[in-house]
Structures are given as structure tokens and as C-alpha cells.
$ cat work-v9.cif   # mmCIF, N, CA and C atoms
data_my_file
#
loop_
_atom_site.label_atom_id
_atom_site.label_comp_id
_atom_site.auth_asym_id
_atom_site.auth_seq_id
_atom_site.Cartn_x
_atom_site.Cartn_y
_atom_site.Cartn_z
N HIS R 1 70.48 85.73 94.19
CA HIS R 1 71.88 85.80 94.56
C HIS R 1 72.71 85.02 93.56
N CYS R 2 73.89 85.51 93.30
CA CYS R 2 74.83 84.86 92.39
C CYS R 2 76.23 85.08 92.95
N GLY R 3 77.05 84.05 92.88
CA GLY R 3 78.42 84.15 93.34
C GLY R 3 79.30 83.25 92.51
N VAL R 4 80.60 83.40 92.66
CA VAL R 4 81.57 82.59 91.92
C VAL R 4 82.35 81.75 92.92
N GLU R 5 82.26 80.44 92.75
CA GLU R 5 83.02 79.54 93.60
C GLU R 5 84.33 79.21 92.92
N VAL R 6 85.41 79.49 93.62
CA VAL R 6 86.74 79.20 93.09
C VAL R 6 87.67 78.92 94.28
N HIS R 7 88.46 77.88 94.16
CA HIS R 7 89.40 77.47 95.21
C HIS R 7 88.73 77.34 96.58
N GLY R 8 87.52 76.77 96.58
CA GLY R 8 86.84 76.47 97.83
C GLY R 8 86.15 77.62 98.53
N GLN R 9 86.05 78.78 97.87
CA GLN R 9 85.36 79.93 98.46
C GLN R 9 84.40 80.51 97.44
N GLU R 10 83.33 81.11 97.92
CA GLU R 10 82.36 81.76 97.04
C GLU R 10 82.48 83.27 97.20
N TRP R 11 82.66 83.96 96.07
CA TRP R 11 82.83 85.41 96.06
C TRP R 11 81.63 86.05 95.43
N SER R 12 81.18 87.17 95.99
CA SER R 12 80.02 87.87 95.45
C SER R 12 80.14 89.36 95.77
N TYR R 13 79.06 90.09 95.48
CA TYR R 13 79.05 91.55 95.62
C TYR R 13 77.69 92.00 96.13
N SER R 14 77.69 92.97 97.03
CA SER R 14 76.45 93.50 97.59
C SER R 14 76.68 94.93 98.06
N ASP R 15 75.60 95.56 98.47
CA ASP R 15 75.72 96.90 99.06
C ASP R 15 75.80 96.83 100.57
N VAL R 16 76.12 95.70 101.12
CA VAL R 16 76.25 95.41 102.55
C VAL R 16 75.72 96.53 103.45
N SER R 17 74.57 96.29 104.05
CA SER R 17 73.86 97.32 104.80
C SER R 17 74.61 97.85 106.02
N ASP R 18 75.57 97.12 106.54
CA ASP R 18 76.28 97.60 107.73
C ASP R 18 77.58 98.34 107.39
N ALA R 19 77.78 98.65 106.13
CA ALA R 19 79.00 99.35 105.71
C ALA R 19 78.98 100.79 106.22
N THR R 20 80.14 101.31 106.54
CA THR R 20 80.24 102.67 107.08
C THR R 20 80.57 103.71 106.01
N SER R 21 80.94 103.30 104.82
CA SER R 21 81.33 104.24 103.78
C SER R 21 80.94 103.71 102.41
N PRO R 22 80.36 104.57 101.55
CA PRO R 22 79.99 104.12 100.20
C PRO R 22 81.20 103.78 99.33
N THR R 23 82.41 104.09 99.80
CA THR R 23 83.60 103.78 99.01
C THR R 23 84.23 102.44 99.44
N MET R 24 83.62 101.77 100.43
CA MET R 24 84.12 100.45 100.84
C MET R 24 83.79 99.43 99.75
N THR R 25 84.59 98.39 99.68
CA THR R 25 84.30 97.34 98.71
C THR R 25 83.01 96.62 99.07
N GLY R 26 82.29 96.21 98.05
CA GLY R 26 81.08 95.42 98.25
C GLY R 26 81.34 93.95 98.03
N ILE R 27 82.58 93.59 97.70
CA ILE R 27 82.95 92.19 97.46
C ILE R 27 83.06 91.49 98.80
N PHE R 28 82.48 90.30 98.87
CA PHE R 28 82.56 89.53 100.10
C PHE R 28 82.71 88.05 99.78
N VAL R 29 83.12 87.30 100.78
CA VAL R 29 83.36 85.86 100.62
C VAL R 29 82.43 85.11 101.57
N SER R 30 82.02 83.92 101.14
CA SER R 30 81.21 83.06 102.00
C SER R 30 81.56 81.61 101.71
N VAL R 31 81.04 80.74 102.55
CA VAL R 31 81.16 79.31 102.31
C VAL R 31 80.32 79.00 101.07
N PRO R 32 80.84 78.24 100.11
CA PRO R 32 80.06 77.94 98.89
C PRO R 32 78.67 77.38 99.21
N ARG R 33 77.69 77.95 98.54
CA ARG R 33 76.28 77.55 98.64
C ARG R 33 75.69 77.78 100.02
N ARG R 34 76.30 78.66 100.82
CA ARG R 34 75.81 78.93 102.18
C ARG R 34 75.76 80.44 102.47
N CYS R 35 75.60 81.26 101.47
CA CYS R 35 75.58 82.71 101.67
C CYS R 35 74.39 83.06 102.57
N ILE R 36 74.67 83.77 103.64
CA ILE R 36 73.64 84.14 104.61
C ILE R 36 72.57 85.00 103.94
N GLY R 37 71.32 84.65 104.22
CA GLY R 37 70.20 85.40 103.68
C GLY R 37 69.70 84.90 102.33
N HIS R 38 70.33 83.87 101.80
CA HIS R 38 69.93 83.33 100.50
C HIS R 38 69.75 81.83 100.59
N THR R 39 68.86 81.31 99.77
CA THR R 39 68.65 79.87 99.69
C THR R 39 69.30 79.35 98.42
N TYR R 40 70.18 78.40 98.57
CA TYR R 40 70.88 77.83 97.42
C TYR R 40 69.89 77.13 96.50
N ARG R 41 70.03 77.35 95.20
CA ARG R 41 69.14 76.74 94.22
C ARG R 41 69.88 75.77 93.32
N ARG R 42 70.93 76.23 92.68
CA ARG R 42 71.68 75.37 91.78
C ARG R 42 73.04 75.95 91.46
N SER R 43 73.92 75.08 91.00
CA SER R 43 75.24 75.50 90.52
C SER R 43 75.24 75.42 89.00
N VAL R 44 75.95 76.33 88.39
CA VAL R 44 76.14 76.31 86.94
C VAL R 44 77.64 76.18 86.71
N ALA R 45 78.03 75.08 86.13
CA ALA R 45 79.45 74.84 85.88
C ALA R 45 79.96 75.82 84.82
N MET R 46 81.02 76.53 85.14
CA MET R 46 81.60 77.50 84.22
C MET R 46 82.93 77.01 83.65
N GLY R 47 83.35 75.84 84.05
CA GLY R 47 84.63 75.34 83.59
C GLY R 47 85.70 75.61 84.64
N CYS R 48 86.92 75.37 84.26
CA CYS R 48 88.05 75.52 85.19
C CYS R 48 88.90 76.72 84.80
N THR R 49 89.36 77.43 85.80
CA THR R 49 90.28 78.53 85.55
C THR R 49 91.71 78.03 85.72
N SER R 50 92.61 78.63 84.99
CA SER R 50 94.02 78.29 85.15
C SER R 50 94.68 79.15 86.23
N MET R 51 93.90 80.07 86.82
CA MET R 51 94.45 80.98 87.82
C MET R 51 94.70 80.24 89.14
N THR R 52 95.84 80.52 89.74
CA THR R 52 96.15 79.97 91.05
C THR R 52 95.37 80.73 92.12
N GLN R 53 95.39 80.23 93.33
CA GLN R 53 94.72 80.91 94.43
C GLN R 53 95.31 82.31 94.62
N HIS R 54 96.62 82.43 94.50
CA HIS R 54 97.28 83.73 94.61
C HIS R 54 96.81 84.68 93.50
N GLU R 55 96.72 84.19 92.27
CA GLU R 55 96.27 85.03 91.15
C GLU R 55 94.82 85.46 91.33
N VAL R 56 93.97 84.57 91.85
CA VAL R 56 92.58 84.95 92.12
C VAL R 56 92.55 86.04 93.18
N GLY R 57 93.39 85.94 94.19
CA GLY R 57 93.48 86.98 95.22
C GLY R 57 93.88 88.32 94.63
N MET R 58 94.84 88.31 93.72
CA MET R 58 95.27 89.55 93.06
C MET R 58 94.12 90.12 92.22
N LEU R 59 93.39 89.24 91.53
CA LEU R 59 92.23 89.68 90.73
C LEU R 59 91.19 90.34 91.64
N LEU R 60 90.90 89.72 92.77
CA LEU R 60 89.92 90.27 93.69
C LEU R 60 90.35 91.64 94.22
N ARG R 61 91.62 91.81 94.52
CA ARG R 61 92.10 93.11 94.97
C ARG R 61 91.92 94.17 93.87
N ALA R 62 92.12 93.78 92.63
CA ALA R 62 91.90 94.72 91.53
C ALA R 62 90.41 95.04 91.37
N LEU R 63 89.56 94.03 91.51
CA LEU R 63 88.12 94.24 91.38
C LEU R 63 87.56 95.11 92.50
N GLU R 64 88.17 95.05 93.69
CA GLU R 64 87.69 95.82 94.83
C GLU R 64 87.63 97.32 94.55
N ARG R 65 88.52 97.81 93.70
CA ARG R 65 88.53 99.24 93.38
C ARG R 65 87.28 99.67 92.61
N ASP R 66 86.77 98.76 91.76
CA ASP R 66 85.62 99.10 90.92
C ASP R 66 84.27 98.66 91.51
N TRP R 67 84.28 97.69 92.39
CA TRP R 67 83.03 97.12 92.91
C TRP R 67 82.83 97.58 94.36
N ILE R 68 82.57 98.88 94.51
CA ILE R 68 82.35 99.46 95.83
C ILE R 68 80.84 99.50 96.11
N ILE R 69 80.50 99.60 97.40
CA ILE R 69 79.08 99.55 97.75
C ILE R 69 78.29 100.73 97.20
N GLY R 70 78.95 101.87 97.01
CA GLY R 70 78.26 103.05 96.50
C GLY R 70 77.79 102.93 95.06
N THR R 71 78.32 101.95 94.32
CA THR R 71 77.91 101.79 92.91
C THR R 71 76.93 100.62 92.72
N TYR R 72 76.53 99.99 93.82
CA TYR R 72 75.57 98.87 93.72
C TYR R 72 74.23 99.38 93.21
N ASP R 73 73.64 98.65 92.29
CA ASP R 73 72.30 98.94 91.78
C ASP R 73 71.61 97.60 91.57
N MET R 74 70.45 97.43 92.16
CA MET R 74 69.77 96.14 92.14
C MET R 74 69.52 95.63 90.71
N LEU R 75 69.33 96.52 89.75
CA LEU R 75 69.01 96.10 88.39
C LEU R 75 70.17 96.22 87.41
N ARG R 76 71.11 97.14 87.65
CA ARG R 76 72.16 97.41 86.66
C ARG R 76 73.57 97.02 87.08
N ARG R 77 73.78 96.80 88.38
CA ARG R 77 75.14 96.50 88.87
C ARG R 77 75.01 95.74 90.19
N ASN R 78 74.75 94.45 90.06
CA ASN R 78 74.48 93.63 91.24
C ASN R 78 75.42 92.43 91.28
N CYS R 79 75.10 91.46 92.13
CA CYS R 79 75.96 90.29 92.30
C CYS R 79 76.10 89.49 91.00
N CYS R 80 75.07 89.49 90.18
CA CYS R 80 75.15 88.76 88.90
C CYS R 80 76.13 89.44 87.95
N HIS R 81 76.10 90.77 87.89
CA HIS R 81 77.03 91.51 87.04
C HIS R 81 78.47 91.32 87.52
N PHE R 82 78.65 91.34 88.84
CA PHE R 82 79.98 91.09 89.41
C PHE R 82 80.46 89.69 89.04
N SER R 83 79.60 88.70 89.21
CA SER R 83 79.98 87.32 88.91
C SER R 83 80.36 87.17 87.45
N ASN R 84 79.64 87.85 86.57
CA ASN R 84 79.97 87.79 85.15
C ASN R 84 81.36 88.37 84.90
N GLU R 85 81.64 89.54 85.49
CA GLU R 85 82.97 90.14 85.28
C GLU R 85 84.07 89.26 85.85
N MET R 86 83.85 88.69 87.02
CA MET R 86 84.87 87.83 87.62
C MET R 86 85.12 86.61 86.74
N CYS R 87 84.05 85.98 86.24
CA CYS R 87 84.22 84.82 85.36
C CYS R 87 84.97 85.18 84.08
N LEU R 88 84.63 86.32 83.50
CA LEU R 88 85.34 86.76 82.29
C LEU R 88 86.82 86.95 82.57
N ARG R 89 87.14 87.61 83.67
CA ARG R 89 88.55 87.88 84.00
C ARG R 89 89.31 86.62 84.39
N MET R 90 88.60 85.60 84.84
CA MET R 90 89.27 84.33 85.17
C MET R 90 89.41 83.45 83.93
N GLY R 91 88.87 83.91 82.81
CA GLY R 91 89.04 83.19 81.56
C GLY R 91 88.09 82.02 81.35
N VAL R 92 86.94 82.02 82.05
CA VAL R 92 85.98 80.92 81.87
C VAL R 92 84.76 81.35 81.07
N GLY R 93 84.74 82.58 80.57
CA GLY R 93 83.64 83.06 79.74
C GLY R 93 82.55 83.72 80.56
N PRO R 94 81.54 84.25 79.87
CA PRO R 94 80.45 84.95 80.56
C PRO R 94 79.49 83.96 81.23
N ILE R 95 78.79 84.45 82.25
CA ILE R 95 77.77 83.62 82.87
C ILE R 95 76.60 83.50 81.89
N PRO R 96 75.75 82.49 82.02
CA PRO R 96 74.61 82.34 81.10
C PRO R 96 73.71 83.58 81.11
N TRP R 97 73.20 83.94 79.95
CA TRP R 97 72.40 85.16 79.78
C TRP R 97 71.19 85.19 80.70
N TRP R 98 70.59 84.04 80.96
CA TRP R 98 69.35 84.03 81.74
C TRP R 98 69.56 84.42 83.19
N ILE R 99 70.79 84.43 83.66
CA ILE R 99 71.03 84.82 85.05
C ILE R 99 70.80 86.32 85.26
N THR R 100 71.16 87.13 84.29
CA THR R 100 70.95 88.58 84.41
C THR R 100 69.74 89.07 83.63
N ASN R 101 69.01 88.18 82.98
CA ASN R 101 67.90 88.59 82.13
C ASN R 101 66.80 89.33 82.90
N LEU R 102 66.42 88.88 84.07
CA LEU R 102 65.35 89.51 84.83
C LEU R 102 65.74 90.93 85.26
N ALA R 103 66.96 91.11 85.74
CA ALA R 103 67.42 92.44 86.14
C ALA R 103 67.47 93.37 84.93
N GLY R 104 67.93 92.85 83.80
CA GLY R 104 67.99 93.66 82.58
C GLY R 104 66.62 94.10 82.12
N ALA R 105 65.65 93.22 82.20
CA ALA R 105 64.27 93.57 81.81
C ALA R 105 63.73 94.65 82.75
N GLY R 106 63.99 94.52 84.03
CA GLY R 106 63.54 95.52 85.00
C GLY R 106 64.17 96.88 84.74
N ALA R 107 65.45 96.89 84.41
CA ALA R 107 66.15 98.15 84.14
C ALA R 107 65.57 98.83 82.90
N LEU R 108 65.24 98.06 81.89
CA LEU R 108 64.64 98.64 80.68
C LEU R 108 63.30 99.29 80.98
N VAL R 109 62.50 98.63 81.81
CA VAL R 109 61.20 99.19 82.17
C VAL R 109 61.39 100.49 82.95
N LEU R 110 62.30 100.51 83.91
CA LEU R 110 62.54 101.73 84.68
C LEU R 110 63.07 102.85 83.82
N ASP R 111 63.87 102.51 82.81
CA ASP R 111 64.42 103.52 81.91
C ASP R 111 63.39 104.03 80.91
N GLY R 112 62.21 103.39 80.87
CA GLY R 112 61.17 103.82 79.95
C GLY R 112 61.35 103.27 78.55
N ASP R 113 62.12 102.23 78.38
CA ASP R 113 62.36 101.67 77.05
C ASP R 113 61.25 100.73 76.61
N PHE R 114 60.26 100.49 77.45
CA PHE R 114 59.12 99.66 77.09
C PHE R 114 57.85 100.45 77.32
N ALA R 115 56.98 100.51 76.31
CA ALA R 115 55.69 101.15 76.49
C ALA R 115 54.75 100.23 77.25
N ASP R 116 54.90 98.94 77.07
CA ASP R 116 54.04 97.95 77.72
C ASP R 116 54.93 96.93 78.41
N ALA R 117 54.80 96.83 79.72
CA ALA R 117 55.67 95.94 80.50
C ALA R 117 55.07 94.54 80.67
N THR R 118 54.02 94.22 79.92
CA THR R 118 53.38 92.91 80.07
C THR R 118 54.37 91.78 79.84
N CYS R 119 55.19 91.89 78.79
CA CYS R 119 56.14 90.82 78.50
C CYS R 119 57.14 90.66 79.65
N CYS R 120 57.54 91.76 80.24
CA CYS R 120 58.50 91.69 81.35
C CYS R 120 57.87 91.04 82.57
N ARG R 121 56.60 91.35 82.84
CA ARG R 121 55.92 90.72 83.96
C ARG R 121 55.81 89.22 83.74
N MET R 122 55.57 88.81 82.50
CA MET R 122 55.46 87.38 82.21
C MET R 122 56.82 86.71 82.39
N VAL R 123 57.88 87.32 81.90
CA VAL R 123 59.23 86.77 82.06
C VAL R 123 59.58 86.72 83.54
N ALA R 124 59.28 87.79 84.26
CA ALA R 124 59.60 87.84 85.69
C ALA R 124 58.88 86.74 86.45
N ALA R 125 57.61 86.55 86.16
CA ALA R 125 56.85 85.50 86.85
C ALA R 125 57.44 84.13 86.58
N GLN R 126 57.82 83.88 85.34
CA GLN R 126 58.40 82.59 84.99
C GLN R 126 59.77 82.42 85.64
N MET R 127 60.62 83.45 85.57
CA MET R 127 61.96 83.36 86.13
C MET R 127 61.91 83.20 87.64
N VAL R 128 61.07 83.96 88.32
CA VAL R 128 60.98 83.86 89.77
C VAL R 128 60.51 82.48 90.17
N GLY R 129 59.53 81.96 89.47
CA GLY R 129 59.04 80.62 89.78
C GLY R 129 60.09 79.56 89.53
N ASP R 130 60.90 79.75 88.52
CA ASP R 130 61.92 78.75 88.17
C ASP R 130 63.18 78.87 89.00
N MET R 131 63.49 80.06 89.52
CA MET R 131 64.82 80.27 90.07
C MET R 131 64.89 80.49 91.56
N CYS R 132 64.00 81.29 92.15
CA CYS R 132 64.36 81.72 93.50
C CYS R 132 63.33 81.45 94.57
N CYS R 133 62.16 81.11 94.25
CA CYS R 133 61.15 81.07 95.30
C CYS R 133 60.60 79.69 95.59
N GLU R 134 61.30 78.67 95.26
CA GLU R 134 60.88 77.33 95.58
C GLU R 134 61.39 76.97 96.96
N PRO R 135 60.78 75.97 97.59
CA PRO R 135 61.34 75.51 98.86
C PRO R 135 62.80 75.12 98.66
N GLU R 136 63.56 75.23 99.73
CA GLU R 136 65.00 74.97 99.63
C GLU R 136 65.28 73.61 99.03
N LYS R 137 66.13 73.60 98.02
CA LYS R 137 66.57 72.37 97.37
C LYS R 137 68.07 72.46 97.22
N HIS R 138 68.69 71.35 97.13
CA HIS R 138 70.12 71.32 96.86
C HIS R 138 70.31 70.52 95.58
N VAL R 139 70.37 71.26 94.48
CA VAL R 139 70.47 70.66 93.17
C VAL R 139 71.82 71.03 92.59
N THR R 140 72.53 70.06 92.12
CA THR R 140 73.79 70.33 91.46
C THR R 140 73.70 69.74 90.06
N GLU R 141 73.96 70.58 89.06
CA GLU R 141 73.93 70.09 87.69
C GLU R 141 75.18 69.26 87.42
N ALA R 142 75.04 68.34 86.52
CA ALA R 142 76.18 67.51 86.15
C ALA R 142 77.26 68.38 85.52
N ARG R 143 78.46 68.09 85.85
CA ARG R 143 79.59 68.83 85.29
C ARG R 143 80.42 67.89 84.42
N PRO R 144 80.83 68.39 83.26
CA PRO R 144 81.60 67.52 82.36
C PRO R 144 82.95 67.14 82.95
#
$ encode --input "work-v9.cif" --output "C-alpha cells"
Amino acid sequence: HCGVEVHGQEWSYSDVSDATSPTMTGIFVSVPRRCIGHTYRRSVAMGCTSMTQHEVGMLLRALERDWIIGTYDMLRRNCCHFSNEMCLRMGVGPIPWWITNLAGAGALVLDGDFADATCCRMVAAQMVGDMCCEPEKHVTEARP
């Protein structure tokens, strides 16, 4: 799971299983570091945005048109991709490459761009062990 915390709220994207229409927005809000169904691992400081709360709201309304549940794809268009676009549009730069690296490797394998997926399995095993499957911890990286 990946989300963007700004002005005291965490924003993310999913295919929300209880949605009634594939054209509904997949953008949702949660309490920072408390998204239901996910275990918080760490925060990555992206810097500060100059956008006001009102401007972030306007940005989210614009993003809702493009980030609908019908376009969700676990490997090619997921919460990490949404978070990257939101960070870029808020002027804080792209999210770190390693956040979307595992999904990108999986998409390449599914697309047939790798004859041998051994390297991807090794990367996946390392990334999963490092990122998502440890007992719940609350780690916050130092922020400048």
C-alpha cells in the first residue's frame, strides 16, 4: 500500500471492491498510517508542498476523473502510481523508484519482456521481505 499524506489526511487509490460502477473514482481518504487492511511500515519524506488545503482539494477533484476503479491494475496502475502522480502534481517530485519497482518487474514478466524471471523472483523476495511482510512496526524516517 502507498498513500500521500498532506494536510493531515492520507490519500490513495484502489479498485474498492464494494463499488457499484467501474466509472466511480478509486481515490479514497484515510487517517494517516491507518489505512484499513494494511499494516503501516514506514514514511518517506517527500518534502513540503506549497499547495493550500483548498488547492489540494481541487487537485483531487481533477485526479478523480482519471483515477477511476475501472482502470485499476495491480501491476501497472495502482496506489503507488497514483501516489507518484499526486506527488508530481503537488510539486514535491516523484516517489522513490523502489516503491514501484516490484510492480514494474511483475508487469514486464506478464508482458513477456523477460525470458527468465529468476532475477524478478529474487528482487520480489528481497522487496517483500524488506517492505511488507514483517510484523507490524511503526517506523518513521528522519525528516530534514
$ select_by_dssp --input "work-v9.cif" --residues "range 26-91 of chain R" --states "alpha helix (DSSP H)" --output "MDAnalysis selection string"
chainID R and resid 53:66 79:89
$ residues_around --input "work-v9.cif" --residues "Gly70 in chain R" --least-positions-apart "5" --cutoff "8 Å" --atoms "all atoms listed in the file" --output "list in words"
Ser14, Asp15, Val16, Ser21, Pro22, Thr23, Met24, Thr25 and Gly26 of chain R
$ resolve_selection --input "work-v9.cif" --expression "the PyMOL selection byres (((chain R and resi 82-97 and name CA) around 7) and name CA)" --output "short mmCIF file (atom, residue, chain, number, x, y, z; two decimals) with N, CA and C atoms, keeping the file's coordinate frame"
data_model
loop_
_atom_site.label_atom_id
_atom_site.label_comp_id
_atom_site.auth_asym_id
_atom_site.auth_seq_id
_atom_site.Cartn_x
_atom_site.Cartn_y
_atom_site.Cartn_z
N CYS R 2 73.89 85.51 93.30
CA CYS R 2 74.83 84.86 92.39
C CYS R 2 76.23 85.08 92.95
N GLY R 3 77.05 84.05 92.88
CA GLY R 3 78.42 84.15 93.34
C GLY R 3 79.30 83.25 92.51
N VAL R 4 80.60 83.40 92.66
CA VAL R 4 81.57 82.59 91.92
C VAL R 4 82.35 81.75 92.92
N SER R 12 81.18 87.17 95.99
CA SER R 12 80.02 87.87 95.45
C SER R 12 80.14 89.36 95.77
N TYR R 13 79.06 90.09 95.48
CA TYR R 13 79.05 91.55 95.62
C TYR R 13 77.69 92.00 96.13
N MET R 46 81.02 76.53 85.14
CA MET R 46 81.60 77.50 84.22
C MET R 46 82.93 77.01 83.65
N GLY R 47 83.35 75.84 84.05
CA GLY R 47 84.63 75.34 83.59
C GLY R 47 85.70 75.61 84.64
N CYS R 48 86.92 75.37 84.26
CA CYS R 48 88.05 75.52 85.19
C CYS R 48 88.90 76.72 84.80
N THR R 49 89.36 77.43 85.80
CA THR R 49 90.28 78.53 85.55
C THR R 49 91.71 78.03 85.72
N MET R 51 93.90 80.07 86.82
CA MET R 51 94.45 80.98 87.82
C MET R 51 94.70 80.24 89.14
N ASN R 78 74.75 94.45 90.06
CA ASN R 78 74.48 93.63 91.24
C ASN R 78 75.42 92.43 91.28
N CYS R 79 75.10 91.46 92.13
CA CYS R 79 75.96 90.29 92.30
C CYS R 79 76.10 89.49 91.00
N CYS R 80 75.07 89.49 90.18
CA CYS R 80 75.15 88.76 88.90
C CYS R 80 76.13 89.44 87.95
N HIS R 81 76.10 90.77 87.89
CA HIS R 81 77.03 91.51 87.04
C HIS R 81 78.47 91.32 87.52
N TRP R 98 70.59 84.04 80.96
CA TRP R 98 69.35 84.03 81.74
C TRP R 98 69.56 84.42 83.19
N ILE R 99 70.79 84.43 83.66
CA ILE R 99 71.03 84.82 85.05
C ILE R 99 70.80 86.32 85.26
N THR R 100 71.16 87.13 84.29
CA THR R 100 70.95 88.58 84.41
C THR R 100 69.74 89.07 83.63
N ASN R 101 69.01 88.18 82.98
CA ASN R 101 67.90 88.59 82.13
C ASN R 101 66.80 89.33 82.90
#
$ atom_distance --input "work-v9.cif" --atom1 "atom N of Arg65 in chain R" --atom2 "atom C of Gln9 in chain R"
18.2 Å
$ atom_distance --input "work-v9.cif" --atom1 "CA of Glu5 in chain R" --atom2 "CA of Pro32 in chain R"
6.3 Å
$ closest_residue --input "work-v9.cif" --among "R:Leu63, R:Met74, R:Val56, R:Ala45" --to "His1 in chain R" --atoms "only C-alpha atoms"
R:Met74
$ closest_residue --input "work-v9.cif" --among "R:Phe28, R:Tyr72, R:Trp67, R:Tyr40" --to "Glu10 in chain R" --atoms "only N, CA and C atoms"
R:Phe28
$ closest_residue --input "work-v9.cif" --among "R:Ser43, R:Ile36, R:Ile27, R:Gln53" --to "His7 in chain R" --atoms "all atoms listed in the file"
R:Gln53
$ atom_distance --input "work-v9.cif" --atom1 "CA of Met58 in chain R" --atom2 "CA of Arg33 in chain R"
23.1 Å
